[in-house]
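*Asks:* Sharing structure34.cif below, mmCIF, C-alpha atoms:
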data_model
#
loop_
_atom_site.label_atom_id
_atom_site.label_comp_id
_atom_site.auth_asym_id
_atom_site.auth_seq_id
_atom_site.Cartn_x
_atom_site.Cartn_y
_atom_site.Cartn_z
CA MET A 1 10.88 -21.75 0.15
CA THR A 2 11.40 -18.48 -1.67
CA TYR A 3 8.42 -16.22 -2.16
CA ASN A 4 8.09 -13.76 -5.02
CA ILE A 5 5.23 -11.30 -5.37
CA MET A 6 5.74 -11.16 -9.13
CA SER A 7 4.53 -14.76 -9.42
CA ALA A 8 0.76 -14.88 -9.89
CA THR A 9 0.27 -17.90 -7.64
CA CYS A 10 2.73 -17.00 -4.88
CA PRO A 11 1.04 -16.70 -1.47
CA SER A 12 3.10 -13.56 -0.78
CA ARG A 13 0.80 -11.80 -3.22
CA VAL A 14 -2.20 -12.49 -1.00
CA VAL A 15 -0.25 -11.11 1.95
CA LEU A 16 0.73 -8.03 -0.03
CA HIS A 17 -2.81 -7.35 -1.14
CA ARG A 18 -3.97 -7.48 2.46
CA ILE A 19 -1.30 -4.99 3.53
CA GLY A 20 -2.37 -2.83 0.62
CA ALA A 21 -5.99 -2.72 1.76
CA ARG A 22 -7.16 0.88 1.75
CA TRP A 23 -7.08 1.52 5.51
CA THR A 24 -4.29 -0.77 6.70
CA VAL A 25 -1.61 1.91 6.42
CA PHE A 26 -3.74 4.27 8.53
CA ILE A 27 -4.37 1.77 11.30
CA VAL A 28 -0.77 0.57 11.53
CA ASN A 29 0.49 4.15 11.67
CA ALA A 30 -2.15 5.17 14.19
CA LEU A 31 -0.94 2.42 16.53
CA GLU A 32 2.75 3.29 16.20
CA HIS A 33 3.08 4.69 19.72
CA GLY A 34 1.12 2.00 21.51
CA PRO A 35 -2.30 0.44 21.95
CA LEU A 36 -5.51 2.36 21.32
CA ARG A 37 -9.14 1.57 21.87
CA PHE A 38 -11.65 1.38 19.07
CA THR A 39 -13.12 4.79 19.82
CA ALA A 40 -9.68 6.42 19.90
CA LEU A 41 -8.79 4.86 16.54
CA ALA A 42 -12.06 6.06 15.05
CA THR A 43 -11.30 9.58 16.26
CA ARG A 44 -7.69 9.59 15.11
CA ILE A 45 -8.35 8.23 11.60
CA GLN A 46 -10.72 10.88 10.37
CA GLY A 47 -13.34 9.82 7.86
CA ILE A 48 -13.20 6.08 8.45
CA THR A 49 -16.63 4.61 9.20
CA PRO A 50 -17.05 2.39 12.27
CA LYS A 51 -18.05 -0.49 9.99
CA VAL A 52 -14.94 -0.24 7.82
CA LEU A 53 -12.71 0.27 10.86
CA ALA A 54 -14.16 -2.85 12.50
CA GLU A 55 -13.72 -4.90 9.32
CA THR A 56 -10.14 -3.79 8.78
CA LEU A 57 -9.24 -4.42 12.43
CA ARG A 58 -10.72 -7.91 12.20
CA SER A 59 -8.75 -8.65 9.05
CA LEU A 60 -5.49 -7.42 10.60
CA ASP A 61 -6.22 -9.45 13.71
CA GLU A 62 -6.81 -12.56 11.60
CA ASP A 63 -3.49 -11.99 9.84
CA GLY A 64 -1.69 -11.90 13.17
CA LEU A 65 -0.88 -8.20 12.96
CA LEU A 66 -2.95 -7.01 15.89
CA SER A 67 -3.62 -8.25 19.38
CA ARG A 68 -6.90 -7.47 21.08
CA THR A 69 -7.52 -6.82 24.76
CA VAL A 70 -11.16 -6.82 25.80
CA PHE A 71 -12.08 -4.54 28.70
CA ASP A 72 -15.10 -5.43 30.75
CA ASP A 73 -16.41 -1.89 30.66
CA ASN A 74 -19.98 -0.86 30.12
CA PRO A 75 -20.24 -0.67 27.16
CA PRO A 76 -17.43 -3.20 26.57
CA ASN A 77 -14.37 -1.80 24.87
CA VAL A 78 -11.51 -3.38 22.97
CA GLU A 79 -7.94 -2.18 22.82
CA TYR A 80 -5.77 -2.92 19.78
CA GLU A 81 -2.00 -3.21 19.71
CA LEU A 82 0.50 -4.02 16.99
CA THR A 83 2.04 -7.47 17.32
CA GLU A 84 5.76 -8.07 16.89
CA LEU A 85 4.99 -9.20 13.34
CA ALA A 86 3.33 -5.85 12.62
CA SER A 87 6.14 -3.87 14.20
CA ALA A 88 8.41 -4.94 11.34
CA LEU A 89 5.76 -3.72 8.92
CA LEU A 90 5.39 -0.40 10.70
CA VAL A 91 8.81 0.77 9.52
CA PRO A 92 8.03 0.69 5.77
CA LEU A 93 4.41 1.77 6.26
CA ARG A 94 5.57 4.78 8.25
CA ALA A 95 7.97 5.57 5.42
CA VAL A 96 5.13 5.31 2.90
CA ARG A 97 3.08 7.68 5.03
CA GLU A 98 6.00 10.10 5.30
CA TRP A 99 6.57 9.97 1.55
CA ALA A 100 2.89 10.82 0.91
CA GLU A 101 3.00 13.71 3.37
CA ALA A 102 6.32 15.03 2.08
CA HIS A 103 5.62 14.91 -1.64
CA VAL A 104 2.12 16.35 -1.92
CA PRO A 105 3.34 19.47 -3.76
CA GLU A 106 5.21 17.51 -6.45
CA VAL A 107 2.33 15.11 -7.07
CA LEU A 108 -0.21 17.93 -7.17
CA ALA A 109 2.04 19.89 -9.53
CA ALA A 110 2.36 16.91 -11.85
CA ARG A 111 -1.41 16.55 -11.88
CA ALA A 112 -1.95 20.28 -12.38
CA ALA A 113 0.28 20.18 -15.45
CA LEU A 114 -2.27 17.92 -17.12
CA ASN A 115 -5.17 19.13 -19.15
CA PRO A 116 -8.35 17.02 -19.02
CA GLU A 117 -8.41 16.98 -22.81
CA HIS A 118 -4.73 16.47 -23.54
CA ARG A 119 -1.41 17.13 -21.89
CA GLN A 120 -0.09 20.63 -21.57
CA PRO A 121 3.66 21.11 -21.71
CA ALA A 122 5.12 21.23 -18.20
CA THR A 123 6.94 24.40 -19.22
CA ALA A 124 3.81 26.45 -19.79
CA PRO A 125 4.51 30.13 -19.12
CA THR A 126 3.83 31.20 -15.56
CA GLY A 127 4.52 34.91 -15.82
CA GLY A 128 3.25 37.77 -17.97
CA ARG A 129 -0.03 37.47 -19.83
CA MET B 1 2.27 23.64 5.16
CA THR B 2 2.15 20.45 7.17
CA TYR B 3 0.31 17.49 5.71
CA ASN B 4 -1.26 14.74 7.80
CA ILE B 5 -2.87 11.64 6.33
CA MET B 6 -5.05 11.26 9.41
CA SER B 7 -6.97 14.41 8.43
CA ALA B 8 -9.91 13.55 6.18
CA THR B 9 -9.44 16.57 3.92
CA CYS B 10 -5.65 16.57 3.70
CA PRO B 11 -4.39 16.22 0.12
CA SER B 12 -1.73 13.76 1.34
CA ARG B 13 -4.56 11.26 1.71
CA VAL B 14 -5.24 11.42 -2.03
CA VAL B 15 -1.55 10.84 -2.67
CA LEU B 16 -1.48 7.92 -0.27
CA HIS B 17 -4.51 6.29 -1.84
CA ARG B 18 -2.88 6.47 -5.24
CA ILE B 19 0.30 4.83 -3.92
CA GLY B 20 -1.91 2.21 -2.35
CA ALA B 21 -3.57 1.32 -5.65
CA ARG B 22 -3.51 -2.43 -6.08
CA TRP B 23 -0.71 -2.67 -8.67
CA THR B 24 1.47 0.34 -7.84
CA VAL B 25 3.77 -1.63 -5.54
CA PHE B 26 4.34 -4.21 -8.27
CA ILE B 27 5.20 -1.67 -10.96
CA VAL B 28 7.52 0.39 -8.78
CA ASN B 29 9.36 -2.74 -7.65
CA ALA B 30 9.53 -4.12 -11.19
CA LEU B 31 11.30 -0.93 -12.31
CA GLU B 32 13.82 -0.90 -9.45
CA HIS B 33 16.80 -1.83 -11.63
CA GLY B 34 16.04 0.47 -14.54
CA PRO B 35 13.59 1.18 -17.36
CA LEU B 36 11.41 -1.51 -18.90
CA ARG B 37 9.12 -1.60 -21.88
CA PHE B 38 5.42 -2.30 -21.60
CA THR B 39 5.77 -5.88 -22.81
CA ALA B 40 8.58 -6.60 -20.35
CA LEU B 41 6.51 -5.21 -17.48
CA ALA B 42 3.53 -7.31 -18.52
CA THR B 43 5.73 -10.40 -18.52
CA ARG B 44 7.42 -9.65 -15.23
CA ILE B 45 4.25 -8.84 -13.27
CA GLN B 46 2.43 -12.11 -13.74
CA GLY B 47 -1.34 -11.97 -13.82
CA ILE B 48 -1.77 -8.26 -14.53
CA THR B 49 -3.97 -7.61 -17.56
CA PRO B 50 -2.69 -5.27 -20.29
CA LYS B 51 -5.64 -2.96 -19.60
CA VAL B 52 -4.93 -2.65 -15.88
CA LEU B 53 -1.19 -2.30 -16.51
CA ALA B 54 -1.83 0.51 -18.98
CA GLU B 55 -4.21 2.29 -16.60
CA THR B 56 -1.85 2.03 -13.64
CA LEU B 57 1.12 3.23 -15.73
CA ARG B 58 -0.91 6.21 -16.92
CA SER B 59 -1.91 7.09 -13.38
CA LEU B 60 1.71 6.85 -12.14
CA ASP B 61 2.83 8.94 -15.09
CA GLU B 62 0.22 11.59 -14.29
CA ASP B 63 1.43 11.67 -10.69
CA GLY B 64 4.98 12.37 -11.84
CA LEU B 65 6.29 8.96 -10.75
CA LEU B 66 7.18 7.61 -14.18
CA SER B 67 8.81 8.99 -17.28
CA ARG B 68 7.90 7.60 -20.68
CA THR B 69 10.16 7.18 -23.68
CA VAL B 70 8.37 6.40 -26.93
CA PHE B 71 10.27 4.27 -29.43
CA ASP B 72 9.37 4.61 -33.06
CA ASP B 73 9.27 0.86 -33.55
CA ASN B 74 6.69 -1.06 -35.47
CA PRO B 75 4.55 -1.61 -33.52
CA PRO B 76 5.46 1.44 -31.40
CA ASN B 77 6.76 0.66 -27.95
CA VAL B 78 7.03 2.72 -24.78
CA GLU B 79 9.68 2.42 -22.11
CA TYR B 80 8.91 3.38 -18.51
CA GLU B 81 11.37 4.55 -15.90
CA LEU B 82 11.01 5.67 -12.29
CA THR B 83 11.45 9.40 -11.83
CA GLU B 84 13.57 10.84 -9.03
CA LEU B 85 10.32 11.40 -7.11
CA ALA B 86 9.51 7.69 -7.38
CA SER B 87 13.01 6.63 -6.39
CA ALA B 88 12.33 7.92 -2.89
CA LEU B 89 9.14 5.87 -2.85
CA LEU B 90 10.93 2.74 -4.05
CA VAL B 91 12.75 2.35 -0.73
CA PRO B 92 9.63 1.85 1.42
CA LEU B 93 7.74 -0.02 -1.31
CA ARG B 94 10.64 -2.45 -1.65
CA ALA B 95 10.54 -2.90 2.12
CA VAL B 96 6.79 -3.59 1.97
CA ARG B 97 7.43 -6.18 -0.75
CA GLU B 98 10.21 -7.77 1.30
CA TRP B 99 8.00 -7.87 4.39
CA ALA B 100 5.25 -9.64 2.41
CA GLU B 101 7.72 -12.17 1.00
CA ALA B 102 9.43 -12.75 4.34
CA HIS B 103 6.38 -13.19 6.53
CA VAL B 104 4.14 -15.46 4.47
CA PRO B 105 4.47 -18.35 6.94
CA GLU B 106 3.44 -16.27 9.96
CA VAL B 107 0.45 -14.72 8.20
CA LEU B 108 -0.68 -18.06 6.80
CA ALA B 109 -0.27 -19.65 10.24
CA ALA B 110 -2.37 -16.92 11.83
CA ARG B 111 -5.08 -17.48 9.23
CA ALA B 112 -4.88 -21.26 9.59
CA ALA B 113 -5.46 -20.94 13.32
CA LEU B 114 -8.91 -19.51 12.60
CA ASN B 115 -12.01 -21.59 12.30
CA PRO B 116 -14.67 -20.30 9.88
CA GLU B 117 -17.25 -20.64 12.65
CA HIS B 118 -15.30 -19.28 15.57
CA ARG B 119 -11.70 -18.90 16.65
CA GLN B 120 -9.63 -21.86 17.65
CA PRO B 121 -6.99 -21.35 20.30
CA ALA B 122 -3.62 -20.70 18.70
CA THR B 123 -2.19 -23.40 20.97
CA ALA B 124 -4.21 -26.24 19.47
CA PRO B 125 -2.30 -29.51 19.79
CA THR B 126 -0.11 -30.34 16.84
CA GLY B 127 1.25 -33.72 17.90
CA GLY B 128 -0.06 -36.90 19.50
CA ARG B 129 -3.04 -39.02 18.35
#
Take the structure from the file and write it as structure tokens.

*Replies:*
Amino acid sequence: MTYNIMSATCPSRVVLHRIGARWTVFIVNALEHGPLRFTALATRIQGITPKVLAETLRSLDEDGLLSRTVFDDNPPNVEYELTELASALLVPLRAVREWAEAHVPEVLAARAALNPEHRQPATAPTGGR
Amino acid sequence: MTYNIMSATCPSRVVLHRIGARWTVFIVNALEHGPLRFTALATRIQGITPKVLAETLRSLDEDGLLSRTVFDDNPPNVEYELTELASALLVPLRAVREWAEAHVPEVLAARAALNPEHRQPATAPTGGR
């Protein structure tokens, strides 16, 4: 069977929307060098709430992208690792991350060229008065 | 300056969240072979509403990812094309699309192995009886 995200009823679209969930790209990239425990993930991905982190981890686990190892510590702790399936996804998601980090100036410049009321020409004078 | 998406206040995070908007990956992939008009995009990306398509195109345009060419037709029509900035993003977003299309069976199988009440072992018997 051939899957095509452009088709409204194709199951690949559901898969794509899950990958596109707001925090997936952060978690997959955070685990690129090996397994991490919940607390380490929460520290590394600044600004994510424990609730959202737990929900996104559960979703990724349910999709077969993460494996969980439960440690019988007190309090109990869980370590998360990318599965082989997720390793193939890491490559493009790392590239997406790198694109975002590399092209901040261009995107900000494009935004700055806009006026809230209407567009300003991109060639607005930058020197003199 | 070095940007890092893991930092809560880094502007790269804003950029990343815009790339991650629900329909961005569809539009960038739909334009991979060259410019398309609004109506062609709406046809190709099944299930997107004209309103959401227009909003996402405007956002991508404001980020410097699309260029617009207005045709003086009746009714007027606009053609959209990826900018050079977006061409670098197309590579990973095409890979994300391909991953989603290639790994539907694995993701669906992982989901199917779940029970709404509690997890079933992934090694549940498939033959016999």

*Asks:* Just give me the gap between CA of Pro92 in chain B and CA of Arg37 in chain A in Å, one decimal is fine.

*Replies:*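 CA of Pro92 in chain B sits 27.8 Å away from CA of Arg37 in chain A.
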
*Asks:* Using all atoms listed in the file, pick whichever of B:Lys51, B:Arg68, B:Arg13, B:Arg44 has the shortest atom-to-atom distance to Val25 in chain A.

*Replies:*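 Counting all atoms listed in the file, the residue closest to Val25 in chain A is B:Arg13.
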
*Asks:* Using all atoms listed in the file, find each residue in chain B having at least one atom no more than 6 Å away from chain A; report its shortest atom-to-atom pair and that distance in Å (one decimal), rows by chain then rising number, as a Markdown table.

*Replies:*
| residue | atom | partner | partner_atom | distance |
| --- | --- | --- | --- | --- |
| B:Tyr3 | CA | A:Glu101 | CA | 5.2 |
| B:Met6 | CA | A:Ile45 | CA | 5.0 |
| B:Ser7 | CA | A:Gln46 | CA | 5.5 |
| B:Ala8 | CA | A:Gln46 | CA | 5.0 |
| B:Ser12 | CA | A:Glu101 | CA | 5.1 |
| B:Val15 | CA | A:Ala100 | CA | 5.7 |
| B:Leu16 | CA | A:Ala100 | CA | 5.4 |
| B:Gly20 | CA | A:Gly20 | CA | 5.9 |
| B:Ile45 | CA | A:Met6 | CA | 5.0 |
| B:Gln46 | CA | A:Ala8 | CA | 5.0 |
| B:Gly47 | CA | A:Ala8 | CA | 5.3 |
| B:Glu62 | CA | A:Arg111 | CA | 5.8 |
| B:Asp63 | CA | A:Val107 | CA | 5.1 |
| B:Gly64 | CA | A:Ala110 | CA | 5.2 |
| B:Pro92 | CA | A:Pro92 | CA | 4.8 |
| B:Ala95 | CA | A:Pro92 | CA | 5.7 |
| B:Val96 | CA | A:Pro92 | CA | 5.9 |
| B:Ala100 | CA | A:Leu16 | CA | 5.4 |
| B:Glu101 | CA | A:Ser12 | CA | 5.1 |
| B:Val104 | CA | A:Ser12 | CA | 5.7 |
| B:Val107 | CA | A:Asp63 | CA | 5.1 |
| B:Ala110 | CA | A:Gly64 | CA | 5.2 |
| B:Arg111 | CA | A:Glu62 | CA | 5.7 |

*Asks:* Return chain A as a tab-separated table (two decimals) with C-alpha atoms, in the coordinates of the input, after superposing it on chain B by a least-squares fit that covers all C-alpha atoms paired in order.

*Replies:*
chain	number	residue	atom	x	y	z
A	1	MET	CA	2.20	23.69	5.13
A	2	THR	CA	2.13	20.49	7.14
A	3	TYR	CA	0.31	17.52	5.68
A	4	ASN	CA	-1.26	14.78	7.78
A	5	ILE	CA	-2.85	11.67	6.33
A	6	MET	CA	-5.03	11.28	9.41
A	7	SER	CA	-6.96	14.42	8.42
A	8	ALA	CA	-9.90	13.55	6.18
A	9	THR	CA	-9.45	16.56	3.91
A	10	CYS	CA	-5.65	16.58	3.68
A	11	PRO	CA	-4.40	16.21	0.09
A	12	SER	CA	-1.74	13.77	1.32
A	13	ARG	CA	-4.54	11.26	1.69
A	14	VAL	CA	-5.26	11.40	-2.03
A	15	VAL	CA	-1.56	10.85	-2.69
A	16	LEU	CA	-1.48	7.93	-0.28
A	17	HIS	CA	-4.50	6.28	-1.83
A	18	ARG	CA	-2.86	6.48	-5.23
A	19	ILE	CA	0.32	4.85	-3.93
A	20	GLY	CA	-1.87	2.21	-2.34
A	21	ALA	CA	-3.55	1.32	-5.63
A	22	ARG	CA	-3.46	-2.44	-6.05
A	23	TRP	CA	-0.68	-2.66	-8.65
A	24	THR	CA	1.48	0.36	-7.84
A	25	VAL	CA	3.80	-1.58	-5.53
A	26	PHE	CA	4.36	-4.18	-8.27
A	27	ILE	CA	5.20	-1.65	-10.96
A	28	VAL	CA	7.53	0.43	-8.79
A	29	ASN	CA	9.38	-2.69	-7.67
A	30	ALA	CA	9.55	-4.08	-11.19
A	31	LEU	CA	11.29	-0.90	-12.33
A	32	GLU	CA	13.82	-0.85	-9.49
A	33	HIS	CA	16.80	-1.76	-11.66
A	34	GLY	CA	16.00	0.52	-14.57
A	35	PRO	CA	13.57	1.21	-17.38
A	36	LEU	CA	11.41	-1.50	-18.93
A	37	ARG	CA	9.10	-1.59	-21.88
A	38	PHE	CA	5.42	-2.31	-21.59
A	39	THR	CA	5.77	-5.88	-22.79
A	40	ALA	CA	8.59	-6.59	-20.34
A	41	LEU	CA	6.52	-5.20	-17.46
A	42	ALA	CA	3.55	-7.32	-18.49
A	43	THR	CA	5.78	-10.40	-18.49
A	44	ARG	CA	7.47	-9.63	-15.19
A	45	ILE	CA	4.28	-8.83	-13.24
A	46	GLN	CA	2.47	-12.10	-13.70
A	47	GLY	CA	-1.31	-11.98	-13.78
A	48	ILE	CA	-1.74	-8.28	-14.50
A	49	THR	CA	-3.94	-7.65	-17.53
A	50	PRO	CA	-2.69	-5.31	-20.26
A	51	LYS	CA	-5.65	-3.01	-19.59
A	52	VAL	CA	-4.93	-2.69	-15.87
A	53	LEU	CA	-1.20	-2.32	-16.49
A	54	ALA	CA	-1.85	0.48	-18.99
A	55	GLU	CA	-4.23	2.25	-16.59
A	56	THR	CA	-1.86	2.02	-13.65
A	57	LEU	CA	1.09	3.21	-15.73
A	58	ARG	CA	-0.95	6.19	-16.93
A	59	SER	CA	-1.93	7.07	-13.38
A	60	LEU	CA	1.67	6.86	-12.15
A	61	ASP	CA	2.79	8.94	-15.11
A	62	GLU	CA	0.17	11.58	-14.30
A	63	ASP	CA	1.39	11.68	-10.70
A	64	GLY	CA	4.92	12.37	-11.87
A	65	LEU	CA	6.25	8.99	-10.79
A	66	LEU	CA	7.13	7.62	-14.20
A	67	SER	CA	8.75	9.00	-17.31
A	68	ARG	CA	7.85	7.60	-20.70
A	69	THR	CA	10.10	7.19	-23.72
A	70	VAL	CA	8.32	6.39	-26.96
A	71	PHE	CA	10.23	4.25	-29.45
A	72	ASP	CA	9.34	4.56	-33.09
A	73	ASP	CA	9.26	0.82	-33.56
A	74	ASN	CA	6.69	-1.12	-35.50
A	75	PRO	CA	4.54	-1.66	-33.52
A	76	PRO	CA	5.44	1.41	-31.43
A	77	ASN	CA	6.72	0.66	-27.97
A	78	VAL	CA	7.00	2.70	-24.80
A	79	GLU	CA	9.64	2.42	-22.13
A	80	TYR	CA	8.87	3.37	-18.53
A	81	GLU	CA	11.34	4.58	-15.93
A	82	LEU	CA	10.99	5.71	-12.34
A	83	THR	CA	11.42	9.45	-11.87
A	84	GLU	CA	13.53	10.91	-9.08
A	85	LEU	CA	10.29	11.45	-7.16
A	86	ALA	CA	9.50	7.74	-7.43
A	87	SER	CA	13.00	6.69	-6.45
A	88	ALA	CA	12.33	8.00	-2.94
A	89	LEU	CA	9.16	5.93	-2.88
A	90	LEU	CA	10.95	2.81	-4.08
A	91	VAL	CA	12.78	2.42	-0.77
A	92	PRO	CA	9.67	1.93	1.40
A	93	LEU	CA	7.78	0.03	-1.32
A	94	ARG	CA	10.69	-2.38	-1.66
A	95	ALA	CA	10.60	-2.82	2.11
A	96	VAL	CA	6.86	-3.53	1.96
A	97	ARG	CA	7.50	-6.11	-0.74
A	98	GLU	CA	10.29	-7.69	1.31
A	99	TRP	CA	8.09	-7.80	4.40
A	100	ALA	CA	5.33	-9.60	2.43
A	101	GLU	CA	7.81	-12.11	1.02
A	102	ALA	CA	9.53	-12.68	4.36
A	103	HIS	CA	6.48	-13.11	6.56
A	104	VAL	CA	4.24	-15.40	4.51
A	105	PRO	CA	4.60	-18.29	6.99
A	106	GLU	CA	3.56	-16.20	10.02
A	107	VAL	CA	0.56	-14.67	8.25
A	108	LEU	CA	-0.55	-18.03	6.88
A	109	ALA	CA	-0.13	-19.59	10.32
A	110	ALA	CA	-2.24	-16.87	11.91
A	111	ARG	CA	-4.94	-17.47	9.32
A	112	ALA	CA	-4.72	-21.25	9.70
A	113	ALA	CA	-5.31	-20.90	13.43
A	114	LEU	CA	-8.77	-19.53	12.66
A	115	ASN	CA	-11.84	-21.62	12.27
A	116	PRO	CA	-14.46	-20.36	9.79
A	117	GLU	CA	-17.10	-20.72	12.49
A	118	HIS	CA	-15.20	-19.38	15.48
A	119	ARG	CA	-11.63	-19.03	16.62
A	120	GLN	CA	-9.64	-22.04	17.65
A	121	PRO	CA	-7.04	-21.58	20.36
A	122	ALA	CA	-3.61	-20.98	18.83
A	123	THR	CA	-2.27	-23.68	21.13
A	124	ALA	CA	-4.30	-26.50	19.62
A	125	PRO	CA	-2.45	-29.80	19.98
A	126	THR	CA	-0.21	-30.64	17.05
A	127	GLY	CA	1.00	-34.07	18.09
A	128	GLY	CA	-0.63	-37.36	19.07
A	129	ARG	CA	-4.22	-38.07	18.14

*Asks:* Measure the distance from CA of Pro75 in chain B to CA of Phe38 in chain B in Å and round it to one decimal.

*Replies:*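 Between CA of Pro75 in chain B and CA of Phe38 in chain B the gap is 12.0 Å.
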
*Asks:* Provide the CA of Ala40 in chain B to CA of Glu81 in chain B distance in Å, to one decimal place.

*Replies:*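 The value is 12.3 Å.
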
*Asks:* Could you tell me which of B:Leu36, B:Val70, B:Val28, B:Leu41 comes closest to Ser87 in chain B if we count only C-alpha atoms?

*Replies:*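 When distances to Ser87 in chain B are compared using only C-alpha atoms, the smallest one comes from B:Val28.
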
*Asks:* Give as a PyMOL selection string each residue that has an atom at most 9 Å from (9.4, 7.7, -21.2) in the file, counting all atoms listed in the file.

*Replies:* chain B and resi 35+66-71+78-81

*Asks:* Could you please take those selected residues and save C-alpha atoms as a tab-separated table (two decimals), keeping the file's coordinate frame?

*Replies:*
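Result written to again.tsv:
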chain	number	residue	atom	x	y	z
B	35	PRO	CA	13.59	1.18	-17.36
B	66	LEU	CA	7.18	7.61	-14.18
B	67	SER	CA	8.81	8.99	-17.28
B	68	ARG	CA	7.90	7.60	-20.68
B	69	THR	CA	10.16	7.18	-23.68
B	70	VAL	CA	8.37	6.40	-26.93
B	71	PHE	CA	10.27	4.27	-29.43
B	78	VAL	CA	7.03	2.72	-24.78
B	79	GLU	CA	9.68	2.42	-22.11
B	80	TYR	CA	8.91	3.38	-18.51
B	81	GLU	CA	11.37	4.55	-15.90

*Asks:* Nearest residue to Thr39 in chain B out of B:Asn77, B:Asp72, B:Glu55, B:Leu82, using all atoms listed in the file?

*Replies:*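 Going through B:Asn77, B:Asp72, B:Glu55, B:Leu82 one by one, the smallest distance to Thr39 in chain B is for B:Asn77.
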
*Asks:* Working from the structure I just supplied, which lacks atoms in range 73-90 of chain B, can you model N, CA and C atoms there and output them as a compact mmCIF listing (two decimals), in the coordinates of the input?

*Replies:*
# COMPACT_ATOMS: atom_id res chain seq x y z
N ASP B 73 9.21 2.20 -32.99
CA ASP B 73 9.27 0.86 -33.55
C ASP B 73 7.96 0.56 -34.27
N ASN B 74 7.93 -0.60 -34.86
CA ASN B 74 6.69 -1.06 -35.47
C ASN B 74 6.42 -2.46 -34.96
N PRO B 75 5.43 -2.65 -34.05
CA PRO B 75 4.55 -1.61 -33.52
C PRO B 75 5.29 -0.70 -32.54
N PRO B 76 4.80 0.52 -32.31
CA PRO B 76 5.46 1.44 -31.40
C PRO B 76 5.54 0.86 -29.99
N ASN B 77 6.59 1.19 -29.29
CA ASN B 77 6.76 0.66 -27.95
C ASN B 77 7.11 1.82 -27.02
N VAL B 78 6.77 1.66 -25.76
CA VAL B 78 7.03 2.72 -24.78
C VAL B 78 7.83 2.12 -23.63
N GLU B 79 8.86 2.86 -23.23
CA GLU B 79 9.68 2.42 -22.11
C GLU B 79 9.35 3.30 -20.90
N TYR B 80 9.27 2.67 -19.74
CA TYR B 80 8.91 3.38 -18.51
C TYR B 80 10.07 3.34 -17.53
N GLU B 81 10.26 4.45 -16.86
CA GLU B 81 11.37 4.55 -15.90
C GLU B 81 10.88 5.32 -14.67
N LEU B 82 11.36 4.93 -13.50
CA LEU B 82 11.01 5.67 -12.29
C LEU B 82 11.65 7.05 -12.35
N THR B 83 10.88 8.06 -11.95
CA THR B 83 11.45 9.40 -11.83
C THR B 83 12.20 9.50 -10.49
N GLU B 84 12.88 10.61 -10.30
CA GLU B 84 13.57 10.84 -9.03
C GLU B 84 12.56 10.84 -7.87
N LEU B 85 11.38 11.41 -8.12
CA LEU B 85 10.32 11.40 -7.11
C LEU B 85 9.97 9.97 -6.70
N ALA B 86 9.87 9.08 -7.67
CA ALA B 86 9.51 7.69 -7.38
C ALA B 86 10.64 6.94 -6.72
N SER B 87 11.88 7.34 -6.99
CA SER B 87 13.01 6.63 -6.39
C SER B 87 12.96 6.69 -4.87
N ALA B 88 12.48 7.81 -4.35
CA ALA B 88 12.33 7.92 -2.89
C ALA B 88 11.22 7.02 -2.37
N LEU B 89 10.24 6.75 -3.23
CA LEU B 89 9.14 5.87 -2.85
C LEU B 89 9.54 4.40 -2.97
N LEU B 90 10.50 4.13 -3.84
CA LEU B 90 10.93 2.74 -4.05
C LEU B 90 11.44 2.12 -2.76
